[in-house]
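Structure first, commentary second.
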Number of protein chains: 2
Amino acid sequence: MVLIDIGNTNYHIYKDGSITHTQKIYPFNDEIYYISVNEKKEKDLLSKNPNAVNLKNYVRFNTKYKGLGIDRIMACKSIKDGVVVDAGSAITVDVMKNGVHLGGFIAPGIYAFKRAFGTISEVLTLNPLEPEETLPLSTQEALNWGSLGAVKCLIQKVAENKKIYFTGGDGEFLSNMFENGIYVEDLVFRGMINTLKEMKK
Amino acid sequence: MVLIDIGNTNYHIYKDGSITHTQKIYPFNDEIYYISVNEKKEKDLLSKNPNAVNLKNYVRFNTKYKGLGIDRIMACKSIKDGVVVDAGSAITVDVMKNGVHLGGFIAPGIYAFKRAFGTISEVLTLNPLEPEETLPLSTQEALNWGSLGAVKCLIQKVAENKKIYFTGGDGEFLSNMFENGIYVEDLVFRGMINTLKEMKK
């Protein structure tokens, strides 16, 4: 069995307990269950694997949020209480309480921040590091604060003292900025596996 | 006398107590005092007004920040205590205490956030509004939180209960999100006028 999480930039592929990331997809000999936030990449998957099953059609999830991305749903389904941060092209942040999704927000990902500063002025070069505690005294640190620091501030505000589960390409890096943060590489896939279990009930 | 604040996008021109904004510069018959963060635009000003005086060479300002933009210096020089937010292409935030600059940070401006989300996915359309109090339950509100909301969170954190002085193209809009916020259209020019006064002492 292969699980595939189609993001805006990459296909994230889970097989035999390990995860790979690729920009191009190929045919598999296994059963495929997938989710997708990118139509073009999804079409490409289906052209090469016509029997792949979209788990979006089977998932049950308790939320009042309209139009919640299926990747966020799956990551959230893997926990009952806490905050889920998926840090990829975008940084999505969602709050779960007793298995119910309370809402969440979307910030630019680190690369998007880098580009955003770059388009304002060539001197605004973001070199992402954990923001320091004291007020910035250099452009380098000022940019860290105004991007990662601002997102960190809002994550801390919604998390209060809850556990924060990080996943995605920049998840490990971001998780180190939070005392109550842990990095779970396969968070989205755990939700997909939960969904498969529910389907078979 | 004309004061000109050359930004990355516009020339901001102060004459007879009123401010205009323009992307192209022309010759003036008056004395010109200016500051600039954009070399190309500065050259253009000087080619048409060779006698214009760069106030950067005369300003005195107490800070440990390395490479603080001259526009930020001028805006900060206009106050003794409080937080200065200049919301243009970028959103710069600086903290002043007893006439001393303690540091500050740089976030993307509203337009830069818009573009940053747009490059991640065409469905991420930021339509900037004041972030609501409760956790977002829609993509629209999620994007507001993850951009303006995150920056707001960090501004509140550094401001504590100090007064927050807003200026720049989006300054008035942002100032309405803060109980302790006031919008001062000519904040940078007040600093330039203070500098002129110091020069003449």
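By convention in this document, the chains of the structure tokens carry letters A, B, ... by their order, each chain's residues are numbered from 1, and ligands are numbered from 1 in the order they are shown.
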
Output as number ranges by chain all residues of chain A that backbone DSSP marks as strand (DSSP E). A: 2-6, 11-15, 18-22, 32-36, 53-54, 82-87, 90-97, 100-108, 164-167, 181-183

What would the file look like if the residues just selected were written as a compact mmCIF listing (two decimals), in the first residue's frame with N, CA and C atoms?
```txt
# COMPACT_ATOMS: atom_id res chain seq x y z
N VAL A 2 0.46 2.23 -0.79
CA VAL A 2 1.19 3.51 -0.83
C VAL A 2 0.23 4.65 -0.47
N LEU A 3 0.68 5.54 0.38
CA LEU A 3 -0.11 6.74 0.69
C LEU A 3 0.58 7.94 0.05
N ILE A 4 -0.20 8.79 -0.61
CA ILE A 4 0.41 9.96 -1.24
C ILE A 4 -0.33 11.24 -0.82
N ASP A 5 0.46 12.19 -0.36
CA ASP A 5 -0.06 13.51 0.03
C ASP A 5 0.45 14.49 -1.03
N ILE A 6 -0.47 14.96 -1.88
CA ILE A 6 -0.06 15.86 -2.97
C ILE A 6 -0.14 17.30 -2.50
N TYR A 11 5.00 15.86 -4.31
CA TYR A 11 4.28 14.65 -3.90
C TYR A 11 5.04 14.10 -2.69
N HIS A 12 4.31 13.85 -1.59
CA HIS A 12 4.91 13.24 -0.41
C HIS A 12 4.42 11.79 -0.38
N ILE A 13 5.33 10.86 -0.42
CA ILE A 13 4.97 9.46 -0.61
C ILE A 13 5.37 8.63 0.60
N TYR A 14 4.39 7.90 1.14
CA TYR A 14 4.61 7.08 2.33
C TYR A 14 4.51 5.62 1.93
N LYS A 15 5.59 4.88 2.12
CA LYS A 15 5.59 3.47 1.76
C LYS A 15 6.47 2.71 2.73
N SER A 18 8.34 4.62 5.48
CA SER A 18 9.25 5.75 5.24
C SER A 18 8.67 6.70 4.20
N ILE A 19 9.13 7.94 4.26
CA ILE A 19 8.54 9.00 3.45
C ILE A 19 9.56 9.52 2.45
N THR A 20 9.14 9.69 1.21
CA THR A 20 10.00 10.36 0.22
C THR A 20 9.23 11.53 -0.39
N HIS A 21 9.95 12.45 -0.96
CA HIS A 21 9.35 13.65 -1.56
C HIS A 21 9.82 13.74 -3.00
N THR A 22 8.91 14.02 -3.92
CA THR A 22 9.30 14.09 -5.32
C THR A 22 8.43 15.10 -6.06
N ILE A 32 -3.11 2.52 -4.06
CA ILE A 32 -2.75 3.90 -3.70
C ILE A 32 -3.93 4.62 -3.07
N TYR A 33 -3.68 5.23 -1.92
CA TYR A 33 -4.66 6.14 -1.31
C TYR A 33 -4.00 7.50 -1.24
N TYR A 34 -4.73 8.52 -1.67
CA TYR A 34 -4.08 9.83 -1.73
C TYR A 34 -5.01 10.94 -1.27
N ILE A 35 -4.39 12.09 -0.98
CA ILE A 35 -5.12 13.35 -0.82
C ILE A 35 -4.38 14.37 -1.67
N SER A 36 -5.06 15.48 -2.02
CA SER A 36 -4.43 16.45 -2.90
C SER A 36 -4.94 17.86 -2.66
N VAL A 53 -7.11 5.95 -4.99
CA VAL A 53 -8.34 6.33 -4.29
C VAL A 53 -8.15 7.63 -3.52
N ASN A 54 -9.02 8.59 -3.78
CA ASN A 54 -8.96 9.88 -3.08
C ASN A 54 -9.65 9.76 -1.72
N GLY A 82 -4.60 19.68 20.93
CA GLY A 82 -3.33 20.35 20.66
C GLY A 82 -3.40 21.20 19.41
N VAL A 83 -2.23 21.66 19.01
CA VAL A 83 -2.13 22.52 17.83
C VAL A 83 -1.31 21.78 16.77
N VAL A 84 -1.77 21.87 15.52
CA VAL A 84 -1.06 21.23 14.41
C VAL A 84 -0.49 22.32 13.51
N VAL A 85 0.81 22.26 13.26
CA VAL A 85 1.46 23.21 12.36
C VAL A 85 2.08 22.44 11.20
N ASP A 86 1.63 22.72 9.99
CA ASP A 86 2.21 22.10 8.80
C ASP A 86 2.97 23.19 8.05
N ALA A 87 4.29 23.08 8.08
CA ALA A 87 5.14 24.15 7.53
C ALA A 87 5.74 23.72 6.21
N ALA A 90 3.11 26.98 2.48
CA ALA A 90 2.43 27.83 3.47
C ALA A 90 2.63 27.20 4.84
N ILE A 91 2.41 27.99 5.89
CA ILE A 91 2.42 27.45 7.25
C ILE A 91 0.97 27.47 7.73
N THR A 92 0.37 26.27 7.85
CA THR A 92 -1.00 26.21 8.35
C THR A 92 -0.96 25.83 9.82
N VAL A 93 -1.85 26.46 10.59
CA VAL A 93 -1.89 26.25 12.04
C VAL A 93 -3.33 25.96 12.43
N ASP A 94 -3.59 24.82 13.07
CA ASP A 94 -4.96 24.42 13.42
C ASP A 94 -5.04 23.98 14.86
N VAL A 95 -6.17 24.29 15.47
CA VAL A 95 -6.36 23.99 16.90
C VAL A 95 -7.41 22.89 17.05
N MET A 96 -7.04 21.85 17.79
CA MET A 96 -7.95 20.72 18.04
C MET A 96 -8.26 20.63 19.54
N LYS A 97 -9.51 20.33 19.84
CA LYS A 97 -9.91 20.14 21.24
C LYS A 97 -10.91 18.99 21.30
N VAL A 100 -12.32 17.79 18.13
CA VAL A 100 -13.06 18.76 17.31
C VAL A 100 -12.09 19.86 16.86
N HIS A 101 -12.18 20.23 15.59
CA HIS A 101 -11.34 21.29 15.03
C HIS A 101 -11.98 22.64 15.32
N LEU A 102 -11.24 23.53 16.00
CA LEU A 102 -11.82 24.81 16.42
C LEU A 102 -11.55 25.95 15.44
N GLY A 103 -10.64 25.73 14.50
CA GLY A 103 -10.28 26.78 13.55
C GLY A 103 -8.78 26.83 13.36
N GLY A 104 -8.34 27.73 12.51
CA GLY A 104 -6.90 27.82 12.28
C GLY A 104 -6.55 28.93 11.32
N PHE A 105 -5.26 29.10 11.09
CA PHE A 105 -4.85 30.17 10.19
C PHE A 105 -3.75 29.74 9.23
N ILE A 106 -3.49 30.58 8.24
CA ILE A 106 -2.52 30.28 7.17
C ILE A 106 -1.54 31.45 7.04
N ALA A 107 -0.28 31.16 7.27
CA ALA A 107 0.78 32.17 7.08
C ALA A 107 1.63 31.75 5.88
N PRO A 108 2.38 32.69 5.31
CA PRO A 108 3.31 32.29 4.25
C PRO A 108 4.36 31.32 4.81
N ILE A 164 2.22 21.33 20.68
CA ILE A 164 2.19 21.78 19.28
C ILE A 164 2.90 20.74 18.42
N TYR A 165 2.14 20.16 17.49
CA TYR A 165 2.68 19.11 16.60
C TYR A 165 3.07 19.71 15.27
N PHE A 166 4.36 19.62 14.93
CA PHE A 166 4.87 20.19 13.69
C PHE A 166 5.10 19.10 12.65
N THR A 167 4.79 19.43 11.40
CA THR A 167 5.14 18.55 10.30
C THR A 167 5.46 19.41 9.09
N GLY A 181 6.81 22.16 21.57
CA GLY A 181 6.71 21.70 20.20
C GLY A 181 7.34 20.35 19.97
N ILE A 182 6.67 19.48 19.19
CA ILE A 182 7.32 18.24 18.76
C ILE A 182 7.13 18.07 17.27
N TYR A 183 8.13 17.48 16.64
CA TYR A 183 8.10 17.27 15.20
C TYR A 183 7.66 15.84 14.91
```

Each chain B residue no farther than 6 Å from chain A, nearest pair in Å, only C-alpha atoms, as CSV:
```
residue,atom,partner,partner_atom,distance
B:Tyr65,CA,A:Leu137,CA,3.9
B:Lys66,CA,A:Ser138,CA,5.1
B:Gly103,CA,A:Leu135,CA,5.1
B:Gly104,CA,A:Pro136,CA,5.5
B:Phe105,CA,A:Ala142,CA,3.9
B:Ile106,CA,A:Gly146,CA,4.8
B:Ala107,CA,A:Gly146,CA,4.0
B:Ala112,CA,A:Ala116,CA,5.4
B:Ala116,CA,A:Ala112,CA,5.4
B:Leu135,CA,A:Gly103,CA,5.1
B:Pro136,CA,A:Gly103,CA,5.2
B:Leu137,CA,A:Tyr65,CA,3.9
B:Ser138,CA,A:Lys66,CA,5.1
B:Ala142,CA,A:Phe105,CA,3.9
B:Leu143,CA,A:Ile106,CA,5.1
B:Trp145,CA,A:Phe105,CA,5.9
B:Gly146,CA,A:Ala107,CA,4.0
B:Ser147,CA,A:Ala107,CA,5.9
B:Ala150,CA,A:Ala150,CA,4.9
B:Val151,CA,A:Ala150,CA,5.2
B:Cys153,CA,A:Leu154,CA,6.0
B:Leu154,CA,A:Ala150,CA,5.3
```

Mind listing the helix (DSSP H, G or I) residues of stretch 72-192 of chain A, per DSSP on the backbone, as an MDAnalysis selection string? chainID A and resid 72:77 110:120 139:159 171:175 187:192

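Using only C-alpha atoms for every distance, the candidate list B:Phe178, B:Arg190, B:Glu132, B:Ile110 yields B:Phe178 as the residue closest to B:Glu160.
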
Nearest residue to B:Phe173 from the set B:Leu129, B:Leu46, B:Met199, B:Leu187 (distances using only C-alpha atoms):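 Of all the options, B:Leu129 lies closest to B:Phe173.
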
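One finds atom CA of A:Ser175 at 22.2 Å from atom CA of A:Met192.
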
Residues at most 12 Å from A:Asn29, counting only C-alpha atoms, excluding those fewer than 3 positions away in the same chain, as an NGL selection string? :A and (1-2 or 15 or 26 or 32 or 48-52)

Provide the atom CA of A:Arg60 to atom CA of A:Asp186 distance in Å, to one decimal place. 19.4 Å

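Atom CA of B:Val188 lies 18.1 Å from atom CA of B:Gln23.
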